[in-house]
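Q: File follows, entry.cif with mmCIF, N, CA and C atoms:
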data_data
loop_
_atom_site.label_atom_id
_atom_site.label_comp_id
_atom_site.auth_asym_id
_atom_site.auth_seq_id
_atom_site.Cartn_x
_atom_site.Cartn_y
_atom_site.Cartn_z
N ALA A 1 -18.39 24.21 5.67
CA ALA A 1 -18.07 22.82 5.45
C ALA A 1 -16.64 22.70 4.94
N LYS A 2 -15.94 21.70 5.43
CA LYS A 2 -14.58 21.46 5.00
C LYS A 2 -14.57 20.72 3.68
N ASP A 3 -13.55 21.00 2.87
CA ASP A 3 -13.36 20.22 1.66
C ASP A 3 -12.91 18.83 2.04
N ARG A 4 -13.41 17.86 1.31
CA ARG A 4 -13.07 16.47 1.59
C ARG A 4 -12.34 15.88 0.39
N LEU A 5 -11.15 15.41 0.63
CA LEU A 5 -10.39 14.71 -0.40
C LEU A 5 -10.66 13.22 -0.23
N GLU A 6 -11.32 12.63 -1.22
CA GLU A 6 -11.68 11.21 -1.13
C GLU A 6 -10.84 10.34 -2.05
N LYS A 7 -10.24 10.94 -3.07
CA LYS A 7 -9.44 10.17 -4.01
C LYS A 7 -8.19 10.97 -4.38
N LEU A 8 -7.03 10.29 -4.32
CA LEU A 8 -5.77 10.93 -4.67
C LEU A 8 -4.98 9.95 -5.53
N SER A 9 -4.58 10.42 -6.71
CA SER A 9 -3.82 9.58 -7.63
C SER A 9 -2.59 10.34 -8.10
N ILE A 10 -1.44 9.76 -7.81
CA ILE A 10 -0.17 10.32 -8.27
C ILE A 10 0.53 9.20 -9.05
N SER A 11 0.78 9.45 -10.32
CA SER A 11 1.38 8.42 -11.16
C SER A 11 2.57 8.97 -11.92
N ASN A 12 3.57 8.11 -12.11
CA ASN A 12 4.74 8.45 -12.91
C ASN A 12 5.44 9.72 -12.44
N ALA A 13 5.53 9.87 -11.12
CA ALA A 13 6.18 11.04 -10.54
C ALA A 13 7.25 10.59 -9.57
N LEU A 14 8.40 11.19 -9.64
CA LEU A 14 9.47 10.89 -8.70
C LEU A 14 9.28 11.82 -7.50
N LEU A 15 8.85 11.24 -6.37
CA LEU A 15 8.59 12.03 -5.17
C LEU A 15 9.88 12.17 -4.36
N GLN A 16 10.40 13.38 -4.33
CA GLN A 16 11.60 13.62 -3.54
C GLN A 16 11.21 13.64 -2.07
N GLU A 17 12.20 13.53 -1.19
CA GLU A 17 11.94 13.34 0.24
C GLU A 17 11.06 14.44 0.83
N GLY A 18 11.30 15.70 0.47
CA GLY A 18 10.48 16.79 1.00
C GLY A 18 9.02 16.67 0.59
N ALA A 19 8.80 16.33 -0.67
CA ALA A 19 7.43 16.16 -1.16
C ALA A 19 6.77 14.96 -0.51
N LEU A 20 7.54 13.89 -0.30
CA LEU A 20 6.98 12.69 0.35
C LEU A 20 6.60 13.00 1.79
N GLU A 21 7.41 13.76 2.50
CA GLU A 21 7.09 14.13 3.88
C GLU A 21 5.82 14.98 3.94
N GLN A 22 5.67 15.90 3.00
CA GLN A 22 4.44 16.71 2.94
C GLN A 22 3.23 15.83 2.65
N LEU A 23 3.39 14.90 1.73
CA LEU A 23 2.30 13.98 1.41
C LEU A 23 1.93 13.14 2.62
N ALA A 24 2.93 12.58 3.29
CA ALA A 24 2.67 11.76 4.48
C ALA A 24 1.97 12.57 5.56
N GLY A 25 2.38 13.80 5.75
CA GLY A 25 1.73 14.66 6.73
C GLY A 25 0.28 14.94 6.37
N ALA A 26 0.03 15.19 5.10
CA ALA A 26 -1.34 15.44 4.64
C ALA A 26 -2.20 14.18 4.79
N LEU A 27 -1.63 13.02 4.48
CA LEU A 27 -2.37 11.77 4.63
C LEU A 27 -2.70 11.51 6.09
N HIS A 28 -1.77 11.85 6.96
CA HIS A 28 -1.98 11.65 8.40
C HIS A 28 -3.15 12.49 8.91
N GLU A 29 -3.28 13.70 8.38
CA GLU A 29 -4.34 14.62 8.82
C GLU A 29 -5.69 14.35 8.16
N ASN A 30 -5.68 13.75 6.98
CA ASN A 30 -6.91 13.52 6.24
C ASN A 30 -7.69 12.36 6.85
N ASN A 31 -9.01 12.50 6.96
CA ASN A 31 -9.80 11.40 7.50
C ASN A 31 -10.94 10.99 6.56
N SER A 32 -10.86 11.44 5.31
CA SER A 32 -11.92 11.11 4.36
C SER A 32 -11.42 10.39 3.10
N LEU A 33 -10.11 10.21 2.98
CA LEU A 33 -9.55 9.58 1.78
C LEU A 33 -10.00 8.13 1.69
N GLN A 34 -10.53 7.77 0.52
CA GLN A 34 -11.02 6.41 0.31
C GLN A 34 -10.17 5.65 -0.71
N ASP A 35 -9.50 6.37 -1.59
CA ASP A 35 -8.77 5.74 -2.69
C ASP A 35 -7.44 6.46 -2.86
N LEU A 36 -6.34 5.74 -2.66
CA LEU A 36 -5.01 6.32 -2.81
C LEU A 36 -4.22 5.50 -3.82
N ALA A 37 -3.69 6.18 -4.83
CA ALA A 37 -2.85 5.54 -5.84
C ALA A 37 -1.52 6.28 -5.93
N LEU A 38 -0.46 5.57 -5.65
CA LEU A 38 0.90 6.07 -5.85
C LEU A 38 1.57 5.06 -6.79
N VAL A 39 1.36 5.26 -8.07
CA VAL A 39 1.70 4.27 -9.09
C VAL A 39 2.91 4.73 -9.90
N ASN A 40 3.87 3.83 -10.06
CA ASN A 40 5.08 4.12 -10.84
C ASN A 40 5.79 5.37 -10.33
N CYS A 41 5.94 5.48 -9.03
CA CYS A 41 6.61 6.63 -8.42
C CYS A 41 8.01 6.28 -7.91
N ALA A 42 8.49 5.08 -8.19
CA ALA A 42 9.82 4.61 -7.77
C ALA A 42 9.99 4.69 -6.25
N LEU A 43 8.91 4.45 -5.50
CA LEU A 43 8.99 4.50 -4.05
C LEU A 43 9.84 3.34 -3.53
N THR A 44 10.76 3.66 -2.63
CA THR A 44 11.60 2.64 -2.00
C THR A 44 10.85 2.05 -0.81
N ASP A 45 11.43 1.03 -0.21
CA ASP A 45 10.85 0.43 1.00
C ASP A 45 10.61 1.48 2.08
N GLU A 46 11.61 2.32 2.32
CA GLU A 46 11.49 3.34 3.35
C GLU A 46 10.36 4.32 3.05
N GLN A 47 10.20 4.67 1.79
CA GLN A 47 9.15 5.60 1.41
C GLN A 47 7.77 4.94 1.51
N VAL A 48 7.66 3.69 1.09
CA VAL A 48 6.40 2.97 1.24
C VAL A 48 6.05 2.86 2.72
N GLU A 49 7.06 2.55 3.53
CA GLU A 49 6.85 2.45 4.97
C GLU A 49 6.35 3.77 5.55
N ARG A 50 6.92 4.88 5.12
CA ARG A 50 6.50 6.21 5.61
C ARG A 50 5.05 6.50 5.22
N VAL A 51 4.68 6.19 3.99
CA VAL A 51 3.30 6.40 3.54
C VAL A 51 2.35 5.54 4.36
N VAL A 52 2.70 4.28 4.53
CA VAL A 52 1.82 3.36 5.27
C VAL A 52 1.70 3.79 6.73
N GLN A 53 2.77 4.27 7.34
CA GLN A 53 2.70 4.76 8.71
C GLN A 53 1.69 5.89 8.84
N SER A 54 1.61 6.73 7.82
CA SER A 54 0.67 7.85 7.86
C SER A 54 -0.77 7.38 7.69
N LEU A 55 -0.96 6.13 7.26
CA LEU A 55 -2.31 5.59 7.07
C LEU A 55 -2.82 4.82 8.28
N HIS A 56 -2.01 4.61 9.29
CA HIS A 56 -2.41 3.79 10.44
C HIS A 56 -3.66 4.32 11.14
N ARG A 57 -3.89 5.59 11.12
CA ARG A 57 -5.08 6.14 11.76
C ARG A 57 -6.22 6.35 10.76
N HIS A 58 -6.05 5.84 9.57
CA HIS A 58 -7.02 6.04 8.49
C HIS A 58 -8.09 4.97 8.53
N ALA A 59 -9.31 5.33 8.85
CA ALA A 59 -10.38 4.35 8.92
C ALA A 59 -11.28 4.40 7.69
N SER A 60 -10.94 5.22 6.71
CA SER A 60 -11.82 5.37 5.54
C SER A 60 -11.24 4.78 4.26
N LEU A 61 -9.95 4.48 4.22
CA LEU A 61 -9.31 4.04 2.99
C LEU A 61 -9.74 2.62 2.61
N THR A 62 -10.30 2.48 1.41
CA THR A 62 -10.76 1.17 0.94
C THR A 62 -9.93 0.65 -0.24
N THR A 63 -9.21 1.54 -0.94
CA THR A 63 -8.42 1.13 -2.10
C THR A 63 -7.03 1.74 -2.02
N LEU A 64 -6.02 0.90 -2.16
CA LEU A 64 -4.63 1.35 -2.15
C LEU A 64 -3.91 0.69 -3.32
N ARG A 65 -3.34 1.54 -4.19
CA ARG A 65 -2.58 1.05 -5.35
C ARG A 65 -1.15 1.55 -5.22
N LEU A 66 -0.22 0.61 -5.12
CA LEU A 66 1.20 0.95 -4.98
C LEU A 66 2.05 0.22 -6.02
N TYR A 67 1.47 -0.24 -7.09
CA TYR A 67 2.25 -1.01 -8.06
C TYR A 67 3.18 -0.10 -8.86
N GLY A 68 4.22 -0.74 -9.41
CA GLY A 68 5.20 0.00 -10.19
C GLY A 68 6.22 0.72 -9.34
N ASN A 69 6.34 0.36 -8.08
CA ASN A 69 7.32 0.96 -7.18
C ASN A 69 8.40 -0.06 -6.86
N GLN A 70 9.29 0.27 -5.96
CA GLN A 70 10.41 -0.60 -5.63
C GLN A 70 10.21 -1.26 -4.27
N CYS A 71 9.00 -1.60 -3.95
CA CYS A 71 8.67 -2.19 -2.66
C CYS A 71 9.28 -3.59 -2.54
N GLN A 72 9.96 -3.81 -1.44
CA GLN A 72 10.55 -5.12 -1.16
C GLN A 72 10.03 -5.59 0.20
N GLU A 73 10.83 -6.36 0.94
CA GLU A 73 10.39 -6.98 2.19
C GLU A 73 9.92 -5.96 3.23
N ARG A 74 10.73 -4.96 3.49
CA ARG A 74 10.41 -3.99 4.54
C ARG A 74 9.10 -3.25 4.26
N GLY A 75 8.93 -2.80 3.03
CA GLY A 75 7.69 -2.12 2.66
C GLY A 75 6.49 -3.03 2.77
N LEU A 76 6.67 -4.28 2.32
CA LEU A 76 5.59 -5.26 2.40
C LEU A 76 5.21 -5.54 3.86
N HIS A 77 6.21 -5.66 4.73
CA HIS A 77 5.92 -5.90 6.14
C HIS A 77 5.14 -4.75 6.76
N SER A 78 5.45 -3.52 6.37
CA SER A 78 4.70 -2.39 6.92
C SER A 78 3.25 -2.41 6.43
N ILE A 79 3.04 -2.84 5.19
CA ILE A 79 1.68 -2.96 4.66
C ILE A 79 0.91 -4.04 5.42
N VAL A 80 1.55 -5.19 5.63
CA VAL A 80 0.90 -6.28 6.35
C VAL A 80 0.56 -5.85 7.78
N SER A 81 1.45 -5.13 8.42
CA SER A 81 1.20 -4.63 9.77
C SER A 81 -0.03 -3.72 9.78
N TRP A 82 -0.12 -2.84 8.79
CA TRP A 82 -1.27 -1.94 8.71
C TRP A 82 -2.55 -2.73 8.46
N LEU A 83 -2.48 -3.74 7.58
CA LEU A 83 -3.66 -4.55 7.28
C LEU A 83 -4.19 -5.28 8.52
N SER A 84 -3.31 -5.57 9.45
CA SER A 84 -3.72 -6.32 10.64
C SER A 84 -4.38 -5.43 11.69
N GLN A 85 -4.39 -4.11 11.48
CA GLN A 85 -5.03 -3.21 12.43
C GLN A 85 -6.54 -3.40 12.40
N PRO A 86 -7.20 -3.40 13.55
CA PRO A 86 -8.65 -3.66 13.58
C PRO A 86 -9.48 -2.62 12.84
N ASP A 87 -8.99 -1.39 12.74
CA ASP A 87 -9.78 -0.36 12.06
C ASP A 87 -9.46 -0.23 10.57
N CYS A 88 -8.60 -1.10 10.04
CA CYS A 88 -8.28 -1.08 8.61
C CYS A 88 -9.44 -1.73 7.85
N ILE A 89 -10.03 -0.97 6.92
CA ILE A 89 -11.17 -1.48 6.15
C ILE A 89 -10.82 -1.64 4.67
N LEU A 90 -9.52 -1.73 4.37
CA LEU A 90 -9.07 -1.83 2.98
C LEU A 90 -9.74 -3.01 2.29
N GLN A 91 -10.23 -2.77 1.09
CA GLN A 91 -10.89 -3.81 0.31
C GLN A 91 -10.09 -4.22 -0.91
N SER A 92 -9.24 -3.31 -1.42
CA SER A 92 -8.46 -3.61 -2.62
C SER A 92 -7.04 -3.09 -2.44
N LEU A 93 -6.08 -3.99 -2.60
CA LEU A 93 -4.66 -3.65 -2.53
C LEU A 93 -4.01 -4.12 -3.82
N GLN A 94 -3.39 -3.20 -4.53
CA GLN A 94 -2.68 -3.53 -5.76
C GLN A 94 -1.23 -3.12 -5.56
N ILE A 95 -0.35 -4.12 -5.66
CA ILE A 95 1.05 -3.86 -5.37
C ILE A 95 1.93 -4.75 -6.22
N SER A 96 3.09 -4.26 -6.57
CA SER A 96 4.11 -5.07 -7.25
C SER A 96 5.08 -5.53 -6.19
N HIS A 97 5.31 -6.81 -6.15
CA HIS A 97 6.31 -7.33 -5.22
C HIS A 97 6.82 -8.64 -5.77
N GLN A 98 7.94 -8.59 -6.45
CA GLN A 98 8.47 -9.75 -7.15
C GLN A 98 8.76 -10.89 -6.18
N ASN A 99 9.32 -10.61 -5.02
CA ASN A 99 9.66 -11.67 -4.08
C ASN A 99 8.41 -12.35 -3.55
N LEU A 100 7.35 -11.61 -3.30
CA LEU A 100 6.10 -12.20 -2.84
C LEU A 100 5.53 -13.11 -3.91
N ARG A 101 5.56 -12.66 -5.15
CA ARG A 101 5.05 -13.49 -6.24
C ARG A 101 5.84 -14.79 -6.34
N ARG A 102 7.16 -14.70 -6.24
CA ARG A 102 7.98 -15.91 -6.29
C ARG A 102 7.62 -16.86 -5.15
N ARG A 103 7.43 -16.33 -3.95
CA ARG A 103 7.06 -17.18 -2.81
C ARG A 103 5.72 -17.84 -3.05
N LEU A 104 4.76 -17.08 -3.59
CA LEU A 104 3.44 -17.65 -3.84
C LEU A 104 3.51 -18.76 -4.88
N VAL A 105 4.28 -18.53 -5.93
CA VAL A 105 4.37 -19.51 -7.01
C VAL A 105 5.19 -20.72 -6.57
N GLY A 106 6.29 -20.48 -5.84
CA GLY A 106 7.21 -21.55 -5.51
C GLY A 106 6.92 -22.32 -4.24
N ALA A 107 6.13 -21.76 -3.35
CA ALA A 107 5.96 -22.39 -2.04
C ALA A 107 4.70 -23.21 -1.91
N GLY A 108 3.86 -23.19 -2.91
CA GLY A 108 2.67 -24.03 -2.86
C GLY A 108 1.59 -23.48 -1.95
N ASN A 109 0.76 -24.39 -1.42
CA ASN A 109 -0.44 -24.00 -0.69
C ASN A 109 -0.17 -23.29 0.63
N ASN A 110 0.94 -23.60 1.31
CA ASN A 110 1.20 -22.94 2.60
C ASN A 110 1.33 -21.44 2.45
N ALA A 111 2.09 -20.99 1.44
CA ALA A 111 2.24 -19.55 1.22
C ALA A 111 0.92 -18.93 0.81
N ARG A 112 0.18 -19.61 -0.05
CA ARG A 112 -1.11 -19.08 -0.47
C ARG A 112 -2.04 -18.92 0.72
N THR A 113 -2.06 -19.91 1.60
CA THR A 113 -2.91 -19.85 2.78
C THR A 113 -2.50 -18.70 3.67
N SER A 114 -1.19 -18.49 3.85
CA SER A 114 -0.72 -17.39 4.69
C SER A 114 -1.15 -16.05 4.13
N ILE A 115 -0.98 -15.86 2.83
CA ILE A 115 -1.37 -14.60 2.21
C ILE A 115 -2.88 -14.42 2.31
N GLU A 116 -3.63 -15.48 2.07
CA GLU A 116 -5.09 -15.37 2.18
C GLU A 116 -5.49 -15.04 3.60
N HIS A 117 -4.79 -15.61 4.60
CA HIS A 117 -5.10 -15.32 5.99
C HIS A 117 -4.82 -13.85 6.30
N ILE A 118 -3.68 -13.36 5.84
CA ILE A 118 -3.31 -11.96 6.08
C ILE A 118 -4.28 -11.01 5.41
N THR A 119 -4.73 -11.37 4.22
CA THR A 119 -5.55 -10.46 3.43
C THR A 119 -7.01 -10.90 3.36
N THR A 120 -7.51 -11.51 4.41
CA THR A 120 -8.90 -11.96 4.41
C THR A 120 -9.81 -10.81 4.04
N GLY A 121 -10.63 -11.03 3.04
CA GLY A 121 -11.58 -10.00 2.61
C GLY A 121 -10.98 -8.92 1.74
N ILE A 122 -9.72 -9.03 1.39
CA ILE A 122 -9.06 -8.01 0.58
C ILE A 122 -8.71 -8.60 -0.77
N GLN A 123 -9.01 -7.84 -1.81
CA GLN A 123 -8.63 -8.24 -3.16
C GLN A 123 -7.16 -7.89 -3.34
N LEU A 124 -6.31 -8.89 -3.48
CA LEU A 124 -4.87 -8.66 -3.64
C LEU A 124 -4.50 -8.91 -5.08
N LYS A 125 -4.01 -7.89 -5.75
CA LYS A 125 -3.61 -8.02 -7.15
C LYS A 125 -2.11 -7.93 -7.23
N LEU A 126 -1.47 -8.97 -7.73
CA LEU A 126 -0.04 -8.96 -7.93
C LEU A 126 0.25 -8.70 -9.39
N GLU A 127 1.09 -7.74 -9.65
CA GLU A 127 1.48 -7.45 -11.03
C GLU A 127 2.35 -8.60 -11.54
N HIS A 128 2.15 -9.00 -12.76
CA HIS A 128 2.93 -10.10 -13.33
C HIS A 128 4.30 -9.60 -13.76
N PHE A 129 5.29 -10.43 -13.53
CA PHE A 129 6.65 -10.09 -13.87
C PHE A 129 7.15 -11.00 -14.98
N ALA A 130 7.94 -10.46 -15.85
CA ALA A 130 8.50 -11.25 -16.97
C ALA A 130 9.56 -12.20 -16.45
#
Would you mind writing the structure in this file as structure tokens?
A:
Amino acid sequence: AKDRLEKLSISNALLQEGALEQLAGALHENNSLQDLALVNCALTDEQVERVVQSLHRHASLTTLRLYGNQCQERGLHSIVSWLSQPDCILQSLQISHQNLRRRLVGAGNNARTSIEHITTGIQLKLEHFA
């Protein structure tokens, strides 16, 4: 029987490019991961995008925590693209995104409706910003 990695949590670690590529490769090959947390790792948009690309074939992931990183528009768009895949079964997404929070607060019901449409059935937790 193969070992199954179902939960992976990496927190407060600066992932250099080589380590991130190894992680992305391992995520791409894994088909049993259910819970992934990359919290406070200072991930840039490009790095978030690389991680999310490795999850596109992932049909088992139900929880993704990416808060405390430097995710901006590009990283957020890659997450939304992944969420729109028919085999994505994500149930909980926790992410810090200051610009998204500003849009939600400042744009009224239209932005809220758009986010709710994109994340139908997904618990979206936005970290509060000072």
Q: What's the 5 Å shell around region 31-48 of chain A, counting only N, CA and C atoms, without same-chain residues fewer than 3 positions away, as a short mmCIF file (atom, residue, chain, number, x, y, z; two decimals) with N, CA and C atoms, in the frame of the given file?
A:
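See selection_22.cif below for the written result:
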data_model
loop_
_atom_site.label_atom_id
_atom_site.label_comp_id
_atom_site.auth_asym_id
_atom_site.auth_seq_id
_atom_site.Cartn_x
_atom_site.Cartn_y
_atom_site.Cartn_z
N LEU A 5 -11.15 15.41 0.63
CA LEU A 5 -10.39 14.71 -0.40
C LEU A 5 -10.66 13.22 -0.23
N GLU A 6 -11.32 12.63 -1.22
CA GLU A 6 -11.68 11.21 -1.13
C GLU A 6 -10.84 10.34 -2.05
N LYS A 7 -10.24 10.94 -3.07
CA LYS A 7 -9.44 10.17 -4.01
C LYS A 7 -8.19 10.97 -4.38
N LEU A 8 -7.03 10.29 -4.32
CA LEU A 8 -5.77 10.93 -4.67
C LEU A 8 -4.98 9.95 -5.53
N SER A 9 -4.58 10.42 -6.71
CA SER A 9 -3.82 9.58 -7.63
C SER A 9 -2.59 10.34 -8.10
N ILE A 10 -1.44 9.76 -7.81
CA ILE A 10 -0.17 10.32 -8.27
C ILE A 10 0.53 9.20 -9.05
N SER A 11 0.78 9.45 -10.32
CA SER A 11 1.38 8.42 -11.16
C SER A 11 2.57 8.97 -11.92
N ASN A 12 3.57 8.11 -12.11
CA ASN A 12 4.74 8.45 -12.91
C ASN A 12 5.44 9.72 -12.44
N ALA A 13 5.53 9.87 -11.12
CA ALA A 13 6.18 11.04 -10.54
C ALA A 13 7.25 10.59 -9.57
N LEU A 14 8.40 11.19 -9.64
CA LEU A 14 9.47 10.89 -8.70
C LEU A 14 9.28 11.82 -7.50
N VAL A 51 4.68 6.19 3.99
CA VAL A 51 3.30 6.40 3.54
C VAL A 51 2.35 5.54 4.36
N VAL A 52 2.70 4.28 4.53
CA VAL A 52 1.82 3.36 5.27
C VAL A 52 1.70 3.79 6.73
N SER A 60 -10.94 5.22 6.71
CA SER A 60 -11.82 5.37 5.54
C SER A 60 -11.24 4.78 4.26
N LEU A 61 -9.95 4.48 4.22
CA LEU A 61 -9.31 4.04 2.99
C LEU A 61 -9.74 2.62 2.61
N THR A 62 -10.30 2.48 1.41
CA THR A 62 -10.76 1.17 0.94
C THR A 62 -9.93 0.65 -0.24
N THR A 63 -9.21 1.54 -0.94
CA THR A 63 -8.42 1.13 -2.10
C THR A 63 -7.03 1.74 -2.02
N LEU A 64 -6.02 0.90 -2.16
CA LEU A 64 -4.63 1.35 -2.15
C LEU A 64 -3.91 0.69 -3.32
N ARG A 65 -3.34 1.54 -4.19
CA ARG A 65 -2.58 1.05 -5.35
C ARG A 65 -1.15 1.55 -5.22
N LEU A 66 -0.22 0.61 -5.12
CA LEU A 66 1.20 0.95 -4.98
C LEU A 66 2.05 0.22 -6.02
N TYR A 67 1.47 -0.24 -7.09
CA TYR A 67 2.25 -1.01 -8.06
C TYR A 67 3.18 -0.10 -8.86
N GLY A 68 4.22 -0.74 -9.41
CA GLY A 68 5.20 0.00 -10.19
C GLY A 68 6.22 0.72 -9.34
N ASN A 69 6.34 0.36 -8.08
CA ASN A 69 7.32 0.96 -7.18
C ASN A 69 8.40 -0.06 -6.86
N GLN A 70 9.29 0.27 -5.96
CA GLN A 70 10.41 -0.60 -5.63
C GLN A 70 10.21 -1.26 -4.27
N CYS A 71 9.00 -1.60 -3.95
CA CYS A 71 8.67 -2.19 -2.66
C CYS A 71 9.28 -3.59 -2.54
N GLN A 72 9.96 -3.81 -1.44
CA GLN A 72 10.55 -5.12 -1.16
C GLN A 72 10.03 -5.59 0.20
N GLY A 75 8.93 -2.80 3.03
CA GLY A 75 7.69 -2.12 2.66
C GLY A 75 6.49 -3.03 2.77
#
Q: Expressed in Å to a single decimal, how great is the separation between atom C of Gln22 (chain A) and atom C of Ile95 (chain A)?
A: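 Atom C of Ile95 (chain A) lies 22.4 Å from atom C of Gln22 (chain A).
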Q: Using CA of Ala24 (chain A) and atom C of His56 (chain A) as the two end points, give the distance in Å to one decimal.
A: 11.8 Å
Q: Would you work out the distance separating CA of Gln16 (chain A) from CA of Leu76 (chain A), expressed in Å to one decimal?
A: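 Separation between CA of Gln16 (chain A) and CA of Leu76 (chain A): 20.7 Å.
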Q: Using DSSP on the backbone coordinates, identify the residues of region 37-104 of chain A assigned to alpha helix (DSSP H); present them as an NGL selection string.
A: :A and (45-55 or 73-83 or 98-104)
Q: Looking only at strand (DSSP E or B) from DSSP on the backbone, list the matching residues of region 17-49 of chain A as a ChimeraX atom specification.
A: /A:35-39
